[in-house]
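Containing mmCIF, C-alpha atoms and all ligand atoms: upload_23.cif.
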```
data_work
loop_
_atom_site.label_atom_id
_atom_site.label_comp_id
_atom_site.auth_asym_id
_atom_site.auth_seq_id
_atom_site.Cartn_x
_atom_site.Cartn_y
_atom_site.Cartn_z
CA MET A 1 -90.15 -26.49 0.82
CA SER A 2 -92.65 -24.31 -0.96
CA ARG A 3 -91.23 -21.36 -2.82
CA ARG A 4 -93.37 -18.54 -4.18
CA PRO A 5 -93.42 -18.80 -7.99
CA VAL A 6 -92.15 -15.87 -10.02
CA ILE A 7 -93.24 -15.23 -13.61
CA ALA A 8 -91.16 -12.64 -15.47
CA GLY A 9 -91.70 -11.22 -18.95
CA ASN A 10 -88.63 -10.20 -20.93
CA TRP A 11 -89.82 -7.84 -23.65
CA LYS A 12 -86.32 -7.54 -25.17
CA MET A 13 -86.07 -4.85 -27.90
CA ASN A 14 -89.75 -5.13 -28.82
CA LEU A 15 -92.84 -2.89 -28.69
CA SER A 16 -93.31 0.79 -29.48
CA ALA A 17 -93.44 3.22 -26.56
CA ASP A 18 -97.23 3.39 -26.71
CA ASP A 19 -97.59 -0.37 -26.92
CA ALA A 20 -95.14 -0.93 -24.03
CA ILE A 21 -97.05 1.49 -21.78
CA ALA A 22 -100.37 -0.08 -22.72
CA LEU A 23 -99.05 -3.58 -22.03
CA ALA A 24 -97.59 -2.54 -18.69
CA ALA A 25 -100.92 -1.03 -17.65
CA ALA A 26 -102.71 -4.21 -18.72
CA VAL A 27 -100.27 -6.37 -16.72
CA ARG A 28 -100.84 -4.12 -13.69
CA ASP A 29 -104.61 -4.41 -14.05
CA ARG A 30 -104.88 -8.10 -14.89
CA CYS A 31 -101.86 -9.73 -13.24
CA GLY A 32 -101.40 -7.69 -10.06
CA ARG A 33 -104.24 -9.40 -8.22
CA PHE A 34 -102.81 -12.91 -7.88
CA ARG A 35 -101.60 -13.30 -4.35
CA ASP A 36 -99.67 -16.54 -4.75
CA VAL A 37 -97.28 -15.53 -7.54
CA ASP A 38 -94.74 -12.76 -8.10
CA VAL A 39 -95.00 -10.98 -11.45
CA VAL A 40 -92.15 -9.02 -13.04
CA ILE A 41 -91.93 -7.25 -16.40
CA ALA A 42 -88.71 -6.24 -18.17
CA PRO A 43 -89.38 -3.53 -20.77
CA GLN A 44 -86.70 -2.02 -22.98
CA GLY A 45 -84.50 0.46 -21.08
CA MET A 46 -85.96 3.76 -22.26
CA MET A 47 -89.42 2.68 -21.14
CA LEU A 48 -88.46 1.93 -17.54
CA TRP A 49 -89.19 5.40 -16.21
CA PRO A 50 -92.73 5.90 -17.60
CA ILE A 51 -93.66 2.31 -16.81
CA ALA A 52 -92.35 2.61 -13.24
CA ARG A 53 -94.75 5.54 -12.74
CA ARG A 54 -97.66 3.40 -13.94
CA LEU A 55 -96.71 0.51 -11.66
CA GLU A 56 -96.57 2.63 -8.49
CA GLY A 57 -98.66 0.97 -5.79
CA SER A 58 -98.88 -2.28 -7.76
CA PRO A 59 -97.20 -5.53 -6.71
CA VAL A 60 -95.89 -6.02 -10.27
CA GLY A 61 -92.10 -5.84 -10.24
CA LEU A 62 -90.05 -3.92 -12.80
CA ALA A 63 -86.82 -5.30 -14.23
CA ALA A 64 -84.13 -3.83 -16.44
CA GLN A 65 -82.74 -6.21 -19.05
CA ASN A 66 -79.10 -5.43 -18.20
CA CYS A 67 -76.94 -3.10 -16.12
CA HIS A 68 -73.36 -2.07 -15.48
CA TRP A 69 -71.73 -2.95 -12.16
CA ALA A 70 -70.34 0.54 -11.49
CA ASP A 71 -72.37 3.20 -9.67
CA LYS A 72 -71.52 5.82 -12.32
CA GLY A 73 -68.79 6.77 -14.76
CA ALA A 74 -67.64 6.86 -18.37
CA TYR A 75 -69.56 3.83 -19.66
CA THR A 76 -71.43 5.12 -22.69
CA GLY A 77 -74.79 3.48 -23.23
CA GLU A 78 -74.97 1.73 -19.87
CA PHE A 79 -77.32 1.98 -16.88
CA SER A 80 -76.02 1.75 -13.33
CA PRO A 81 -77.75 -0.10 -10.49
CA VAL A 82 -78.07 3.25 -8.69
CA GLN A 83 -79.92 4.76 -11.63
CA LEU A 84 -82.12 1.71 -12.06
CA LYS A 85 -83.07 1.73 -8.41
CA GLU A 86 -83.87 5.44 -8.56
CA THR A 87 -86.01 4.84 -11.63
CA GLY A 88 -88.15 2.34 -9.74
CA CYS A 89 -86.70 -1.00 -10.80
CA THR A 90 -86.94 -3.93 -8.41
CA HIS A 91 -85.10 -6.56 -10.45
CA VAL A 92 -82.43 -6.70 -13.18
CA ILE A 93 -81.88 -9.53 -15.67
CA ILE A 94 -78.16 -10.32 -15.93
CA GLY A 95 -76.27 -12.79 -18.10
CA HIS A 96 -79.07 -13.36 -20.61
CA SER A 97 -77.76 -15.62 -23.35
CA GLU A 98 -78.37 -12.92 -25.97
CA ARG A 99 -76.08 -10.59 -24.02
CA ARG A 100 -73.49 -13.34 -23.59
CA GLN A 101 -73.70 -14.23 -27.29
CA TYR A 102 -73.95 -10.82 -28.98
CA PHE A 103 -72.41 -8.42 -26.46
CA GLY A 104 -69.57 -10.42 -24.94
CA GLU A 105 -71.01 -10.67 -21.43
CA THR A 106 -68.72 -12.87 -19.34
CA ASP A 107 -69.23 -14.99 -16.24
CA GLU A 108 -66.92 -12.66 -14.34
CA GLY A 109 -68.90 -9.57 -15.37
CA VAL A 110 -72.16 -11.28 -14.43
CA GLY A 111 -70.76 -11.97 -10.96
CA LYS A 112 -69.80 -8.30 -10.58
CA LYS A 113 -73.28 -7.23 -11.64
CA ALA A 114 -74.91 -9.58 -9.13
CA ARG A 115 -72.73 -8.12 -6.38
CA ALA A 116 -73.53 -4.52 -7.40
CA LEU A 117 -77.27 -5.18 -7.61
CA HIS A 118 -77.41 -6.53 -4.08
CA ASP A 119 -75.41 -3.53 -2.90
CA HIS A 120 -78.30 -1.38 -4.10
CA GLY A 121 -81.23 -3.53 -3.03
CA LEU A 122 -82.06 -4.87 -6.49
CA ILE A 123 -82.80 -8.54 -7.17
CA PRO A 124 -80.74 -10.16 -9.92
CA ILE A 125 -82.42 -12.57 -12.32
CA LEU A 126 -79.28 -14.49 -13.21
CA CYS A 127 -79.59 -16.32 -16.53
CA VAL A 128 -77.63 -19.46 -17.30
CA GLY A 129 -77.92 -22.11 -19.98
CA GLU A 130 -76.14 -24.32 -22.45
CA SER A 131 -76.04 -24.20 -26.25
CA LEU A 132 -77.29 -27.08 -28.37
CA GLN A 133 -73.73 -28.12 -29.15
CA GLN A 134 -72.87 -28.13 -25.45
CA ARG A 135 -75.95 -30.23 -24.63
CA GLU A 136 -75.20 -32.70 -27.41
CA SER A 137 -71.63 -33.11 -26.23
CA GLY A 138 -72.71 -33.80 -22.65
CA GLN A 139 -71.49 -30.50 -21.18
CA THR A 140 -74.81 -29.12 -19.91
CA ILE A 141 -74.17 -29.53 -16.21
CA ALA A 142 -70.54 -28.37 -16.42
CA VAL A 143 -71.46 -25.22 -18.37
CA VAL A 144 -74.46 -24.31 -16.23
CA SER A 145 -72.57 -25.02 -13.01
CA SER A 146 -69.68 -22.75 -13.90
CA GLN A 147 -72.08 -19.96 -14.94
CA VAL A 148 -74.01 -20.26 -11.66
CA ALA A 149 -70.87 -20.49 -9.51
CA ALA A 150 -69.33 -17.38 -11.11
CA GLY A 151 -72.61 -15.48 -10.94
CA VAL A 152 -73.11 -15.98 -7.20
CA ALA A 153 -69.44 -16.06 -6.14
CA GLU A 154 -69.53 -12.70 -4.36
CA LEU A 155 -72.86 -13.12 -2.56
CA SER A 156 -73.62 -13.89 1.07
CA ASP A 157 -76.01 -16.74 1.83
CA ASP A 158 -78.92 -14.33 2.38
CA GLU A 159 -78.17 -12.49 -0.86
CA LEU A 160 -78.00 -15.79 -2.69
CA ALA A 161 -81.38 -16.79 -1.25
CA GLU A 162 -82.90 -13.57 -2.66
CA THR A 163 -81.33 -14.06 -6.09
CA ILE A 164 -83.49 -15.57 -8.83
CA ILE A 165 -81.74 -17.97 -11.17
CA ALA A 166 -83.19 -18.52 -14.64
CA TYR A 167 -82.19 -21.73 -16.38
CA GLU A 168 -82.61 -21.02 -20.08
CA PRO A 169 -81.24 -23.59 -22.51
CA VAL A 170 -80.06 -21.44 -25.42
CA TRP A 171 -81.51 -23.88 -27.96
CA ALA A 172 -84.99 -23.33 -26.50
CA ILE A 173 -85.01 -19.52 -26.49
CA GLY A 174 -87.28 -18.06 -29.15
CA THR A 175 -87.11 -21.29 -31.16
CA GLY A 176 -90.42 -22.87 -30.21
CA LEU A 177 -88.41 -25.80 -28.79
CA THR A 178 -88.97 -26.35 -25.08
CA ALA A 179 -86.95 -28.52 -22.75
CA SER A 180 -89.16 -31.35 -21.56
CA PRO A 181 -90.29 -30.91 -17.95
CA GLU A 182 -87.96 -33.78 -17.02
CA GLN A 183 -84.97 -32.27 -18.85
CA ALA A 184 -85.57 -28.94 -17.14
CA GLN A 185 -86.14 -30.51 -13.72
CA ASP A 186 -82.86 -32.48 -14.02
CA VAL A 187 -80.87 -29.27 -14.55
CA HIS A 188 -82.80 -27.34 -11.88
CA LEU A 189 -82.04 -30.07 -9.34
CA GLU A 190 -78.34 -29.99 -10.30
CA ILE A 191 -78.34 -26.21 -9.81
CA ARG A 192 -79.97 -26.56 -6.40
CA ASN A 193 -77.47 -29.25 -5.38
CA LEU A 194 -74.64 -26.97 -6.50
CA LEU A 195 -76.06 -24.09 -4.45
CA SER A 196 -76.22 -26.41 -1.46
CA ARG A 197 -72.52 -27.17 -1.87
CA LEU A 198 -71.62 -23.50 -2.47
CA ALA A 199 -73.67 -22.26 0.52
CA ASN A 200 -75.78 -24.74 2.48
CA GLU A 201 -78.95 -26.79 2.03
CA ALA A 202 -81.26 -24.30 3.77
CA THR A 203 -80.10 -21.45 1.54
CA ALA A 204 -80.33 -23.58 -1.59
CA GLN A 205 -83.92 -24.48 -0.74
CA ARG A 206 -84.86 -20.79 -0.60
CA VAL A 207 -83.52 -19.90 -4.08
CA ARG A 208 -86.14 -19.60 -6.80
CA ILE A 209 -85.06 -21.18 -10.08
CA GLN A 210 -87.06 -20.17 -13.14
CA TYR A 211 -87.18 -22.07 -16.39
CA GLY A 212 -87.00 -20.09 -19.64
CA GLY A 213 -87.25 -21.19 -23.26
CA SER A 214 -90.47 -21.02 -25.26
CA VAL A 215 -92.73 -21.12 -22.21
CA LYS A 216 -96.34 -20.62 -23.27
CA PRO A 217 -99.82 -21.17 -21.83
CA SER A 218 -99.94 -24.71 -23.25
CA ASN A 219 -96.80 -25.95 -21.47
CA VAL A 220 -96.52 -23.79 -18.34
CA ARG A 221 -98.48 -26.06 -15.98
CA GLU A 222 -96.43 -29.14 -16.77
CA LEU A 223 -93.16 -27.27 -16.35
CA MET A 224 -94.27 -25.61 -13.13
CA SER A 225 -95.40 -28.92 -11.66
CA GLN A 226 -91.75 -30.01 -11.39
CA ALA A 227 -90.33 -29.93 -7.87
CA ASP A 228 -87.48 -27.52 -8.57
CA ILE A 229 -89.09 -25.25 -11.17
CA ASP A 230 -90.23 -22.13 -9.34
CA GLY A 231 -91.29 -19.86 -12.15
CA ALA A 232 -90.69 -18.85 -15.73
CA LEU A 233 -88.72 -16.24 -17.63
CA VAL A 234 -90.74 -15.63 -20.75
CA GLY A 235 -89.90 -13.83 -23.99
CA GLY A 236 -92.37 -14.18 -26.85
CA ALA A 237 -95.41 -15.14 -24.78
CA SER A 238 -94.97 -12.09 -22.54
CA LEU A 239 -95.64 -9.66 -25.40
CA THR A 240 -99.42 -9.98 -25.40
CA ILE A 241 -101.56 -9.55 -22.33
CA ASP A 242 -103.71 -12.61 -22.94
CA SER A 243 -100.85 -15.10 -23.07
CA PHE A 244 -98.89 -13.45 -20.25
CA ALA A 245 -101.96 -13.30 -18.00
CA GLN A 246 -102.58 -16.98 -18.64
CA LEU A 247 -99.01 -17.78 -17.59
CA VAL A 248 -99.42 -15.75 -14.42
CA ALA A 249 -102.77 -17.37 -13.67
CA HIS A 250 -101.64 -20.88 -14.49
CA ARG A 251 -102.60 -22.17 -11.05
CA GLU A 252 -106.05 -20.63 -11.02
CA ASP A 253 -109.09 -20.67 -13.21
CA PHE A 254 -108.35 -17.85 -15.58
CA ASP A 255 -110.46 -14.72 -14.99
CA LYS A 256 -111.83 -16.08 -11.74
C1 LIG B 301 -85.95 -15.37 -23.08
O1 LIG B 301 -85.45 -14.69 -23.93
O2 LIG B 301 -85.59 -15.21 -21.89
C2 LIG B 301 -86.94 -16.37 -23.47
C3 LIG B 301 -87.14 -17.37 -22.65
O3 LIG B 301 -87.55 -16.19 -24.67
P1 LIG B 301 -88.75 -17.11 -25.28
O4 LIG B 301 -89.77 -17.31 -24.20
O5 LIG B 301 -89.28 -16.33 -26.44
O6 LIG B 301 -88.12 -18.41 -25.68
#
```
Re-express the file's structure as structure tokens.
Amino acid sequence: MSRRPVIAGNWKMNLSADDAIALAAAVRDRCGRFRDVDVVIAPQGMMLWPIARRLEGSPVGLAAQNCHWADKGAYTGEFSPVQLKETGCTHVIIGHSERRQYFGETDEGVGKKARALHDHGLIPILCVGESLQQRESGQTIAVVSSQVAAGVAELSDDELAETIIAYEPVWAIGTGLTASPEQAQDVHLEIRNLLSRLANEATAQRVRIQYGGSVKPSNVRELMSQADIDGALVGGASLTIDSFAQLVAHREDFDK
């Protein structure tokens, strides 16, 4: 089954306000014209509103890097799915390993966020991945499977099919180390088989599974050529327009 690839840039806590707006405008102008790929950018939270205004009318999607599951309330420092939707977001990254590692994000919380996002018409980009120690002790599939299962536990089959899963081995994020295409494909296939057991084969075949972890123009084609790799979640290489545009255009002659 052919799935439409999705390339997403996670800007994390980088870029000044001026630089973030300039980069968003450049992504709109240079990456919004490719008809066979979905493009999403995830600026830092305070930049969502001005960037949403600049993306109006463009096919480029806008993601928050995190959210709360509640609609509103006494949760200092958080954004609700309702607010993110109103701001113009289309997607929200949940369960990123940096949030799991530094901010105590749990599998249960990630599942609640996925549920809340679908309640408000937002697409979760659900991140999962093992640490180096977990990979070396043979726990990769067990860890990733329990993260995926908890993340999608509250979703209907159609909601699951709309959800984007990002497999991001923690040891490959921001380190320059990349999982080999075969290593990534092995885990992606395991995730798809798990989704087939949790829902059904037809639903599992619809889910787009991104790879993340030091994706760059020099390795994107090989990764994306794998049968179950349907896109990339990109940190470092999404921070400059030239490298991000090359990732988006990886199937075409650049600047055609
Ligand atoms: C990420 O943080 O989601 C990521 C994949 O980062 P990088 O591309 O820099 O490894």
Of A:Thr178, A:Ser131, A:Ser2, A:Thr90, the one nearest to ligand LIG 301 (chain B) when counting only C-alpha atoms and all ligand atoms is A:Thr178
Atom-to-atom span, atom CA of Asn219 of chain A and atom CA of Arg135 of chain A, Å: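 Spanning atom CA of Asn219 of chain A to atom CA of Arg135 of chain A is a straight-line distance of 21.5 Å.
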Of the candidates A:Asn193, A:Gln246, A:Asn66, A:Ser238, which shows the shortest atom-to-atom distance to ligand LIG 301 (chain B), using all atoms listed in the file?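 Nearest to ligand LIG 301 (chain B): A:Ser238.
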Excluding Asp29 of chain A and its own-chain neighbours fewer than 6 positions away, which residues fall within 10 Å of it when counting only C-alpha atoms? Please give them as a ChimeraX atom specification. /A:23,55,58,60
Would you save the residues from that selection as a PDB file, in the coordinates of the input, using C-alpha atoms?
```pdb
ATOM      1  CA  LEU A  23     -99.050  -3.580 -22.030  1.00  0.00           C
ATOM      2  CA  LEU A  55     -96.710   0.510 -11.660  1.00  0.00           C
ATOM      3  CA  SER A  58     -98.880  -2.280  -7.760  1.00  0.00           C
ATOM      4  CA  VAL A  60     -95.890  -6.020 -10.270  1.00  0.00           C
TER       5      VAL A  60
END
```
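Near Ala202 of chain A, within 12 Å and counting only C-alpha atoms, sit A:Met1, A:Asp157, A:Asp158, A:Leu160, A:Ala161, A:Arg192, A:Asn193, A:Leu195, A:Ser196, A:Arg197, A:Leu198, A:Ala199, A:Asn200, A:Ala204, A:Gln205, A:Arg206, A:Val207, not including residues fewer than 2 positions from it in the same chain.
In this model, the gap between atom CA of Leu155 of chain A and atom CA of Val110 of chain A comes to 12.0 Å.
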Counting all atoms listed in the file, which residues come within 10 Å of (-91.4, -19.0, -9.0), with the point read in the file's coordinates, and could you list them as JSON, numbers by chain? {"A": [2, 3, 4, 5, 6, 7, 8, 36, 37, 38, 39, 164, 165, 166, 207, 208, 209, 210, 211, 224, 228, 229, 230, 231, 232, 233]}
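For the pair atom CA of Gln134 of chain A and atom CA of Ala172 of chain A, the separation is 13.1 Å.
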Can you tell me which residues sit at most 10 Å away from ligand LIG 301 (chain B), counting all atoms listed in the file, written as a PyMOL selection string? chain A and resi 8-12+65+93+96-98+127+166-178+210-216+232-239
Output of the above residues as a PDB file, in the frame of the given file, restricted to C-alpha atoms:
```
ATOM      1  CA  ALA A   8     -91.160 -12.640 -15.470  1.00  0.00           C
ATOM      2  CA  GLY A   9     -91.700 -11.220 -18.950  1.00  0.00           C
ATOM      3  CA  ASN A  10     -88.630 -10.200 -20.930  1.00  0.00           C
ATOM      4  CA  TRP A  11     -89.820  -7.840 -23.650  1.00  0.00           C
ATOM      5  CA  LYS A  12     -86.320  -7.540 -25.170  1.00  0.00           C
ATOM      6  CA  GLN A  65     -82.740  -6.210 -19.050  1.00  0.00           C
ATOM      7  CA  ILE A  93     -81.880  -9.530 -15.670  1.00  0.00           C
ATOM      8  CA  HIS A  96     -79.070 -13.360 -20.610  1.00  0.00           C
ATOM      9  CA  SER A  97     -77.760 -15.620 -23.350  1.00  0.00           C
ATOM     10  CA  GLU A  98     -78.370 -12.920 -25.970  1.00  0.00           C
ATOM     11  CA  CYS A 127     -79.590 -16.320 -16.530  1.00  0.00           C
ATOM     12  CA  ALA A 166     -83.190 -18.520 -14.640  1.00  0.00           C
ATOM     13  CA  TYR A 167     -82.190 -21.730 -16.380  1.00  0.00           C
ATOM     14  CA  GLU A 168     -82.610 -21.020 -20.080  1.00  0.00           C
ATOM     15  CA  PRO A 169     -81.240 -23.590 -22.510  1.00  0.00           C
ATOM     16  CA  VAL A 170     -80.060 -21.440 -25.420  1.00  0.00           C
ATOM     17  CA  TRP A 171     -81.510 -23.880 -27.960  1.00  0.00           C
ATOM     18  CA  ALA A 172     -84.990 -23.330 -26.500  1.00  0.00           C
ATOM     19  CA  ILE A 173     -85.010 -19.520 -26.490  1.00  0.00           C
ATOM     20  CA  GLY A 174     -87.280 -18.060 -29.150  1.00  0.00           C
ATOM     21  CA  THR A 175     -87.110 -21.290 -31.160  1.00  0.00           C
ATOM     22  CA  GLY A 176     -90.420 -22.870 -30.210  1.00  0.00           C
ATOM     23  CA  LEU A 177     -88.410 -25.800 -28.790  1.00  0.00           C
ATOM     24  CA  THR A 178     -88.970 -26.350 -25.080  1.00  0.00           C
ATOM     25  CA  GLN A 210     -87.060 -20.170 -13.140  1.00  0.00           C
ATOM     26  CA  TYR A 211     -87.180 -22.070 -16.390  1.00  0.00           C
ATOM     27  CA  GLY A 212     -87.000 -20.090 -19.640  1.00  0.00           C
ATOM     28  CA  GLY A 213     -87.250 -21.190 -23.260  1.00  0.00           C
ATOM     29  CA  SER A 214     -90.470 -21.020 -25.260  1.00  0.00           C
ATOM     30  CA  VAL A 215     -92.730 -21.120 -22.210  1.00  0.00           C
ATOM     31  CA  LYS A 216     -96.340 -20.620 -23.270  1.00  0.00           C
ATOM     32  CA  ALA A 232     -90.690 -18.850 -15.730  1.00  0.00           C
ATOM     33  CA  LEU A 233     -88.720 -16.240 -17.630  1.00  0.00           C
ATOM     34  CA  VAL A 234     -90.740 -15.630 -20.750  1.00  0.00           C
ATOM     35  CA  GLY A 235     -89.900 -13.830 -23.990  1.00  0.00           C
ATOM     36  CA  GLY A 236     -92.370 -14.180 -26.850  1.00  0.00           C
ATOM     37  CA  ALA A 237     -95.410 -15.140 -24.780  1.00  0.00           C
ATOM     38  CA  SER A 238     -94.970 -12.090 -22.540  1.00  0.00           C
ATOM     39  CA  LEU A 239     -95.640  -9.660 -25.400  1.00  0.00           C
TER      40      LEU A 239
END
```
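With all atoms listed in the file as the atoms that count, the residue of A:Ile94, A:Val187, A:Ala20, A:Met47 with the shortest distance to Thr140 of chain A is A:Val187.
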For segment 68-72 of chain A, please output as a PyMOL selection string all residues within 9 Å (counting all atoms listed in the file; exclusion window: fewer than 2 positions along the same chain). chain A and resi 66+74-75+78-83+109-110+112-117
Taking only C-alpha atoms into account, which of A:Val248, A:Ile51, A:Leu122, A:Ile191 comes nearest Gln147 of chain A?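 Among A:Val248, A:Ile51, A:Leu122, A:Ile191, it is A:Ile191 that comes nearest to Gln147 of chain A.
For the residues A:Thr240, A:Arg100, A:Glu86, A:Ala249, ranking by smallest atom-to-atom distance to Asn14 of chain A using only C-alpha atoms places A:Thr240 first.
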